[in-house]
Amino acid sequence: MHLNETHDAQLKSWVESANDGRTDFPIQNLPFAVFRRKNSSEHFRGGVAIGDRVLDLQALHSAGLIADARAQRAAIAASADSLNDFMALGHTSWSALRLEISRGLRVGASAQSAWQKCLVAQDDVEYKLPADIGDYTDFYTSIHHASNVGKLFRPDQPLMPNYQWIPIGYHGRASSIVVSGQNFHRPKSQIKTPNDDAPQLKPSQKLDYELELGAYIGVGNSLGTAISIDEYGQHVFGLSLLNDWSARDVQAWEYQPLGPFLSKNFASSVSPWIVTLEALAPFMAAWARPADHPQPLDYLDSAAHRAHGALNISLDVFLQTATMRERDTWHHVSHGNYKDAYWTLAQMVAHHSINGCNLRAGDLLGSGTQSGDTLEQAGALIELTANGANPLTLSNGETRTFLQDFDSVKMSAYCAADGFVKIGFGEVVGQVLPALA
């Protein structure tokens, strides 16, 4: 990804809320979502965040406010009730539309009054999934998370022998991915504790969250071809927040020999906004494997990737109990950064396709739980509480080992770097409801 005029830190928008320094959505960001007005029968359509407003792309196109032909075609595609067709157009079209929007929202834009008519307050809208997700693959890219969890169950060998050689992943369930704000019931499945003679069907008592990022594929690859590590930016449209809810007691009983199943497929939550890879260009960072670790095979390595293959994205988790909700307060649980990932987004894409697997527009790749090298940076309760052995004390004095009914989890993320404007991802929020009878 290359820097261009849309990244200029001096740019200001005539949408005042985009300039206050607190918003996730300054003019340097411009993420995409699918929305409609609350309590309306309107069709869902694509929109772009600017400050506390949503720019209605359907209204923008209908008003004839986009001059560039390529950007106009992109706006038509992005006006649908999913972003799949838009994402499939490719980087040149994504960038053309983003540039037109940036120019139209800047201070001094000639058609400001016409563009103002295409704005809707974010408080007045509801969202759906931004894409029709055909396939979902979840990776395991944080060596800190893998080591922390491994120590709980395999203290003599926390990391499996393949971990430092291969980006581990499994195919998840796309149908149970939900947008932020959609709550879910505590899952039931077979559970067998060490003291049980036989498994029982019951609700999970070790319900957990997982702090992740989700990457949406834009342009796919043909069956039988591979995406090289330096070409991933032509295929990945952008990133959102992802909470991959997990039932740890279910997982412990079922995961051998084929990996997670019912412990993962009951719900995964994503934030509504997709921050484009182009918007993230200023926050790409150098990547390096520790010298005493195995170095990646050639298809997972390159000079360009080592120069800017990592992404500097700060990540935060908050928890709210039913008691806290009465006072509208949250407990800040952890703070981490995606740059600590052992395997990068580029390596995930390169490995996923090296066997000829064809990725398609709208496919979602999960980063796996993101954790740092201290517990304050842990991205899941199973790490923070040592699988329930060390309860977490919350700011109001309550404790948690795992999530209880009516607990809510909120995740947020932002990017900051010297010389550039801070941008954010919005939030992904979900609440645990009691198990169904």
# chains A, B, ... in the order shown; residues from 1 in each chain; ligands from 1
call {"tool": "residues_around", "arguments": {"residues": "region 246-260 of chain A", "least_positions_apart": "3", "cutoff": "12 Å", "atoms": "only C-alpha atoms", "output": "VMD selection string"}}
result
chain A and resid 137 to 139 149 152 to 153 168 to 173 185 to 194 196 198 to 211 243 263 to 269 368 to 369 380 to 383 386 to 388 401 to 403 432
call {"tool": "residues_around", "arguments": {"residues": "Ala80 (chain A)", "least_positions_apart": "4", "cutoff": "8 Å", "atoms": "only C-alpha atoms", "output": "JSON, numbers by chain"}}
result
{"A": [44, 45, 46, 76]}
call {"tool": "residues_around", "arguments": {"residues": "region 345-362 of chain A", "least_positions_apart": "2", "cutoff": "7 Å", "atoms": "only C-alpha atoms", "output": "PDB file with C-alpha atoms, in the first residue's frame"}}
result
ATOM      1  CA  ASN A  84     -19.420  -8.071  -2.189  1.00  0.00           C
ATOM      2  CA  MET A  87     -15.093  -5.444  -3.065  1.00  0.00           C
ATOM      3  CA  ALA A  88     -14.755  -7.692  -6.119  1.00  0.00           C
ATOM      4  CA  ALA A 131     -20.767  -8.596   3.239  1.00  0.00           C
ATOM      5  CA  ASP A 132     -22.382 -11.903   2.401  1.00  0.00           C
ATOM      6  CA  ILE A 133     -19.715 -14.114   3.964  1.00  0.00           C
ATOM      7  CA  GLY A 134     -19.360 -17.290   1.943  1.00  0.00           C
ATOM      8  CA  PRO A 167       0.024 -20.301  10.042  1.00  0.00           C
ATOM      9  CA  TYR A 216     -12.430  -9.318   4.216  1.00  0.00           C
ATOM     10  CA  ILE A 217     -11.305 -10.653   0.863  1.00  0.00           C
ATOM     11  CA  GLY A 218     -12.096  -8.390  -2.073  1.00  0.00           C
ATOM     12  CA  VAL A 219     -10.657  -9.877  -5.254  1.00  0.00           C
ATOM     13  CA  GLY A 220     -10.437 -13.643  -5.187  1.00  0.00           C
ATOM     14  CA  ASN A 221      -8.064 -16.011  -6.933  1.00  0.00           C
ATOM     15  CA  SER A 222      -8.846 -18.787  -9.392  1.00  0.00           C
ATOM     16  CA  LEU A 223      -8.977 -22.368  -8.193  1.00  0.00           C
ATOM     17  CA  GLY A 224      -5.499 -23.858  -8.497  1.00  0.00           C
ATOM     18  CA  THR A 225      -3.627 -20.548  -8.256  1.00  0.00           C
ATOM     19  CA  ALA A 226      -1.903 -18.956  -5.263  1.00  0.00           C
ATOM     20  CA  ILE A 227      -1.665 -15.386  -3.972  1.00  0.00           C
ATOM     21  CA  SER A 228       1.927 -14.367  -3.321  1.00  0.00           C
ATOM     22  CA  ILE A 229       2.848 -12.683  -0.076  1.00  0.00           C
ATOM     23  CA  TYR A 232      -2.060  -9.741  -0.701  1.00  0.00           C
ATOM     24  CA  LEU A 300       5.869 -16.781   3.540  1.00  0.00           C
ATOM     25  CA  GLY A 309       4.294  -6.588   6.785  1.00  0.00           C
ATOM     26  CA  TRP A 343       1.959 -14.533  11.671  1.00  0.00           C
ATOM     27  CA  LEU A 364     -13.622 -13.540   6.116  1.00  0.00           C
TER      28      LEU A 364
END
call {"tool": "residues_around", "arguments": {"residues": "region 113-127 of chain A", "least_positions_apart": "6", "cutoff": "6 Å", "atoms": "only C-alpha atoms", "output": "mmCIF file with C-alpha atoms, in the first residue's frame"}}
result
data_model
loop_
_atom_site.group_PDB
_atom_site.id
_atom_site.type_symbol
_atom_site.label_atom_id
_atom_site.label_comp_id
_atom_site.auth_asym_id
_atom_site.auth_seq_id
_atom_site.Cartn_x
_atom_site.Cartn_y
_atom_site.Cartn_z
ATOM 1 C CA VAL A 34 -24.109 -1.431 5.132
ATOM 2 C CA PHE A 35 -26.910 0.473 6.872
ATOM 3 C CA ARG A 36 -30.455 1.834 6.860
ATOM 4 C CA ARG A 37 -32.416 4.174 9.114
ATOM 5 C CA LYS A 38 -33.714 2.543 12.293
ATOM 6 C CA ASP A 52 -20.729 11.004 13.663
ATOM 7 C CA ARG A 53 -22.437 10.720 10.268
ATOM 8 C CA VAL A 54 -22.909 8.107 7.551
ATOM 9 C CA LEU A 55 -22.483 9.153 3.927
ATOM 10 C CA ASP A 56 -25.269 7.428 1.974
ATOM 11 C CA ALA A 59 -28.009 8.990 -2.373
ATOM 12 C CA LEU A 60 -24.599 10.268 -3.463
#
call {"tool": "select_by_dssp", "arguments": {"residues": "region 333-417 of chain A", "states": "strand (DSSP E or B)", "output": "PyMOL selection string"}}
result
chain A and resi 333-337+364-366+392-393+399-400+408-415
call {"tool": "write_last_selection", "arguments": {"atoms": "N, CA and C atoms", "output": "PDB file, in the first residue's frame"}}
result
ATOM      1  N   VAL A 333     -10.525  -4.399  30.418  1.00  0.00           N
ATOM      2  CA  VAL A 333      -9.926  -5.692  30.736  1.00  0.00           C
ATOM      3  C   VAL A 333      -8.490  -5.792  30.235  1.00  0.00           C
ATOM      4  N   SER A 334      -8.249  -5.396  28.979  1.00  0.00           N
ATOM      5  CA  SER A 334      -6.907  -5.602  28.425  1.00  0.00           C
ATOM      6  C   SER A 334      -6.637  -4.650  27.281  1.00  0.00           C
ATOM      7  N   HIS A 335      -5.346  -4.504  26.970  1.00  0.00           N
ATOM      8  CA  HIS A 335      -4.888  -3.656  25.858  1.00  0.00           C
ATOM      9  C   HIS A 335      -3.736  -4.372  25.166  1.00  0.00           C
ATOM     10  N   GLY A 336      -3.874  -4.578  23.869  1.00  0.00           N
ATOM     11  CA  GLY A 336      -2.818  -5.241  23.101  1.00  0.00           C
ATOM     12  C   GLY A 336      -2.574  -4.542  21.786  1.00  0.00           C
ATOM     13  N   ASN A 337      -1.799  -5.178  20.919  1.00  0.00           N
ATOM     14  CA  ASN A 337      -1.502  -4.589  19.621  1.00  0.00           C
ATOM     15  C   ASN A 337      -1.275  -5.696  18.596  1.00  0.00           C
ATOM     16  N   LEU A 364     -14.147 -14.169   4.903  1.00  0.00           N
ATOM     17  CA  LEU A 364     -13.622 -13.540   6.116  1.00  0.00           C
ATOM     18  C   LEU A 364     -12.524 -14.409   6.710  1.00  0.00           C
ATOM     19  N   LEU A 365     -11.389 -13.777   7.001  1.00  0.00           N
ATOM     20  CA  LEU A 365     -10.274 -14.451   7.658  1.00  0.00           C
ATOM     21  C   LEU A 365     -10.113 -13.855   9.055  1.00  0.00           C
ATOM     22  N   GLY A 366     -10.178 -14.705  10.091  1.00  0.00           N
ATOM     23  CA  GLY A 366      -9.966 -14.243  11.456  1.00  0.00           C
ATOM     24  C   GLY A 366      -8.508 -14.357  11.830  1.00  0.00           C
ATOM     25  N   LEU A 392     -10.766 -12.866  37.858  1.00  0.00           N
ATOM     26  CA  LEU A 392     -10.489 -11.470  37.514  1.00  0.00           C
ATOM     27  C   LEU A 392     -11.389 -10.575  38.364  1.00  0.00           C
ATOM     28  N   THR A 393     -10.775  -9.622  39.077  1.00  0.00           N
ATOM     29  CA  THR A 393     -11.548  -8.674  39.884  1.00  0.00           C
ATOM     30  C   THR A 393     -11.863  -7.444  39.051  1.00  0.00           C
ATOM     31  N   THR A 399     -16.283 -10.346  40.491  1.00  0.00           N
ATOM     32  CA  THR A 399     -15.226 -11.175  39.916  1.00  0.00           C
ATOM     33  C   THR A 399     -15.789 -12.018  38.783  1.00  0.00           C
ATOM     34  N   ARG A 400     -14.891 -12.409  37.895  1.00  0.00           N
ATOM     35  CA  ARG A 400     -15.259 -13.288  36.788  1.00  0.00           C
ATOM     36  C   ARG A 400     -14.123 -14.275  36.530  1.00  0.00           C
ATOM     37  N   SER A 408     -21.862  -8.273  29.029  1.00  0.00           N
ATOM     38  CA  SER A 408     -21.587  -7.740  27.692  1.00  0.00           C
ATOM     39  C   SER A 408     -20.087  -7.560  27.524  1.00  0.00           C
ATOM     40  N   VAL A 409     -19.623  -7.758  26.312  1.00  0.00           N
ATOM     41  CA  VAL A 409     -18.217  -7.530  25.973  1.00  0.00           C
ATOM     42  C   VAL A 409     -18.157  -6.528  24.838  1.00  0.00           C
ATOM     43  N   LYS A 410     -17.264  -5.558  24.971  1.00  0.00           N
ATOM     44  CA  LYS A 410     -17.052  -4.531  23.949  1.00  0.00           C
ATOM     45  C   LYS A 410     -15.581  -4.517  23.566  1.00  0.00           C
ATOM     46  N   MET A 411     -15.316  -4.472  22.282  1.00  0.00           N
ATOM     47  CA  MET A 411     -13.949  -4.380  21.779  1.00  0.00           C
ATOM     48  C   MET A 411     -13.826  -3.156  20.883  1.00  0.00           C
ATOM     49  N   SER A 412     -12.672  -2.509  20.948  1.00  0.00           N
ATOM     50  CA  SER A 412     -12.400  -1.352  20.107  1.00  0.00           C
ATOM     51  C   SER A 412     -10.957  -1.415  19.627  1.00  0.00           C
ATOM     52  N   ALA A 413     -10.641  -0.618  18.635  1.00  0.00           N
ATOM     53  CA  ALA A 413      -9.282  -0.612  18.080  1.00  0.00           C
ATOM     54  C   ALA A 413      -9.008   0.739  17.438  1.00  0.00           C
ATOM     55  N   TYR A 414      -7.734   1.109  17.408  1.00  0.00           N
ATOM     56  CA  TYR A 414      -7.341   2.341  16.747  1.00  0.00           C
ATOM     57  C   TYR A 414      -5.905   2.228  16.252  1.00  0.00           C
ATOM     58  N   CYS A 415      -5.556   3.090  15.325  1.00  0.00           N
ATOM     59  CA  CYS A 415      -4.193   3.176  14.788  1.00  0.00           C
ATOM     60  C   CYS A 415      -3.675   4.587  15.014  1.00  0.00           C
TER      61      CYS A 415
END
call {"tool": "closest_residue", "arguments": {"among": "A:Tyr338, A:Trp273, A:Phe420, A:Trp165", "to": "Gly238 (chain A)", "atoms": "only C-alpha atoms"}}
result
A:Trp273
call {"tool": "residues_around", "arguments": {"residues": "Gly104 (chain A)", "least_positions_apart": "5", "cutoff": "10 Å", "atoms": "only C-alpha atoms", "output": "list in words"}}
result
Ser13, Trp14, Leu65, Ile66, Arg98, Leu99, Ala109, Ser110, Ala111, Gln112, Ala114, Trp115 and Gln116 of chain A
call {"tool": "residues_around", "arguments": {"residues": "region 70-74 of chain A", "least_positions_apart": "5", "cutoff": "12 Å", "atoms": "only C-alpha atoms", "output": "short mmCIF file (atom, residue, chain, number, x, y, z; two decimals) with C-alpha atoms, in the first residue's frame"}}
result
data_model
loop_
_atom_site.label_atom_id
_atom_site.label_comp_id
_atom_site.auth_asym_id
_atom_site.auth_seq_id
_atom_site.Cartn_x
_atom_site.Cartn_y
_atom_site.Cartn_z
CA GLY A 46 -23.56 0.97 1.52
CA LEU A 57 -23.59 6.11 -1.19
CA GLN A 58 -26.89 5.40 -2.92
CA LEU A 60 -24.60 10.27 -3.46
CA HIS A 61 -24.77 8.38 -6.74
CA SER A 62 -28.42 9.24 -7.39
CA ALA A 63 -27.63 12.94 -6.96
CA GLY A 64 -24.94 12.70 -9.65
CA LEU A 65 -22.23 13.95 -7.31
CA SER A 79 -24.99 0.97 -2.97
CA ALA A 80 -26.21 -2.63 -2.78
CA LEU A 83 -20.41 -4.87 -0.35
CA ASN A 84 -19.42 -8.07 -2.19
CA ASP A 85 -19.72 -6.68 -5.72
CA PHE A 86 -17.89 -3.52 -4.73
CA MET A 87 -15.09 -5.44 -3.07
CA ALA A 88 -14.75 -7.69 -6.12
CA LEU A 89 -13.94 -4.66 -8.33
CA GLY A 90 -10.42 -4.41 -6.97
CA HIS A 91 -8.02 -1.90 -5.52
CA THR A 92 -8.13 0.62 -8.36
CA SER A 93 -11.90 1.00 -7.99
CA TRP A 94 -11.78 1.04 -4.18
CA SER A 95 -9.14 3.76 -4.27
CA ALA A 96 -10.97 5.82 -6.91
CA LEU A 97 -14.17 5.96 -4.86
CA ARG A 98 -12.30 6.68 -1.65
CA LEU A 99 -10.51 9.60 -3.33
CA GLU A 100 -13.77 11.07 -4.67
CA ILE A 101 -15.35 10.83 -1.22
CA SER A 102 -12.30 12.39 0.43
#
call {"tool": "closest_residue", "arguments": {"among": "A:Asp230, A:Thr276, A:Arg106, A:Asp244", "to": "Ala18 (chain A)", "atoms": "only C-alpha atoms"}}
result
A:Arg106
call {"tool": "atom_distance", "arguments": {"atom1": "CA of Gly426 (chain A)", "atom2": "CA of Ala310 (chain A)"}}
result
20.9 Å
call {"tool": "atom_distance", "arguments": {"atom1": "CA of Pro158 (chain A)", "atom2": "CA of Ala291 (chain A)"}}
result
20.0 Å
call {"tool": "select_by_dssp", "arguments": {"residues": "region 94-268 of chain A", "states": "alpha helix (DSSP H)", "output": "VMD selection string"}}
result
chain A and resid 94 to 105 112 to 116 143 to 153 248 to 254
call {"tool": "closest_residue", "arguments": {"among": "A:Asp316, A:Glu278, A:Asp81, A:Glu16", "to": "Glu376 (chain A)", "atoms": "only C-alpha atoms"}}
result
A:Asp316
call {"tool": "residues_around", "arguments": {"residues": "Gln320 (chain A)", "least_positions_apart": "4", "cutoff": "6 Å", "atoms": "only C-alpha atoms", "output": "PyMOL selection string"}}
result
chain A and resi 324+330+407-408
call {"tool": "write_last_selection", "arguments": {"atoms": "N, CA and C atoms", "output": "compact mmCIF listing (two decimals), in the first residue's frame"}}
result
# COMPACT_ATOMS: atom_id res chain seq x y z
N MET A 324 -23.16 -3.38 36.42
CA MET A 324 -22.49 -2.22 35.81
C MET A 324 -23.42 -1.51 34.82
N TRP A 330 -18.15 0.45 32.30
CA TRP A 330 -17.46 -0.71 31.74
C TRP A 330 -16.14 -0.90 32.48
N ASP A 407 -23.76 -10.67 30.86
CA ASP A 407 -22.50 -9.92 30.66
C ASP A 407 -22.42 -9.45 29.22
N SER A 408 -21.86 -8.27 29.03
CA SER A 408 -21.59 -7.74 27.69
C SER A 408 -20.09 -7.56 27.52
call {"tool": "closest_residue", "arguments": {"among": "A:Asn29, A:Thr344, A:Ser17, A:Ser314", "to": "Ile274 (chain A)", "atoms": "only C-alpha atoms"}}
result
A:Asn29
call {"tool": "atom_distance", "arguments": {"atom1": "CA of Gly379 (chain A)", "atom2": "CA of His145 (chain A)"}}
result
7.6 Å
call {"tool": "closest_residue", "arguments": {"among": "A:Ile423, A:Val428, A:Leu375, A:Val275", "to": "Leu319 (chain A)", "atoms": "only C-alpha atoms"}}
result
A:Val428
call {"tool": "decode", "arguments": {"residues": "region 330-366 of chain A", "atoms": "C-alpha atoms", "output": "compact mmCIF listing (two decimals), in the first residue's frame"}}
result
# COMPACT_ATOMS: atom_id res chain seq x y z
CA TRP A 330 -17.46 -0.71 31.74
CA HIS A 331 -14.37 -2.43 33.13
CA HIS A 332 -11.29 -2.15 30.92
CA VAL A 333 -9.93 -5.69 30.74
CA SER A 334 -6.91 -5.60 28.43
CA HIS A 335 -4.89 -3.66 25.86
CA GLY A 336 -2.82 -5.24 23.10
CA ASN A 337 -1.50 -4.59 19.62
CA TYR A 338 -1.77 -6.53 16.38
CA LYS A 339 1.87 -5.81 15.55
CA ASP A 340 2.73 -8.51 18.12
CA ALA A 341 1.19 -11.22 15.91
CA TYR A 342 3.59 -14.03 15.06
CA TRP A 343 1.96 -14.53 11.67
CA THR A 344 0.81 -11.52 9.63
CA LEU A 345 -2.22 -10.89 7.44
CA ALA A 346 -0.06 -11.28 4.33
CA GLN A 347 1.19 -14.65 5.54
CA MET A 348 -2.36 -15.78 6.31
CA VAL A 349 -3.46 -15.03 2.74
CA ALA A 350 -0.36 -16.53 1.15
CA HIS A 351 -0.65 -19.74 3.14
CA HIS A 352 -4.43 -20.07 2.69
CA SER A 353 -4.03 -20.06 -1.09
CA ILE A 354 -0.69 -21.85 -1.55
CA ASN A 355 -2.47 -25.15 -2.19
CA GLY A 356 -4.68 -23.56 -4.84
CA CYS A 357 -7.63 -22.80 -2.56
CA ASN A 358 -9.78 -20.16 -4.22
CA LEU A 359 -10.69 -17.22 -1.98
CA ARG A 360 -13.76 -15.21 -2.97
CA ALA A 361 -15.13 -11.71 -2.44
CA GLY A 362 -16.69 -11.52 1.01
CA ASP A 363 -14.67 -14.34 2.55
CA LEU A 364 -13.62 -13.54 6.12
CA LEU A 365 -10.27 -14.45 7.66
CA GLY A 366 -9.97 -14.24 11.46
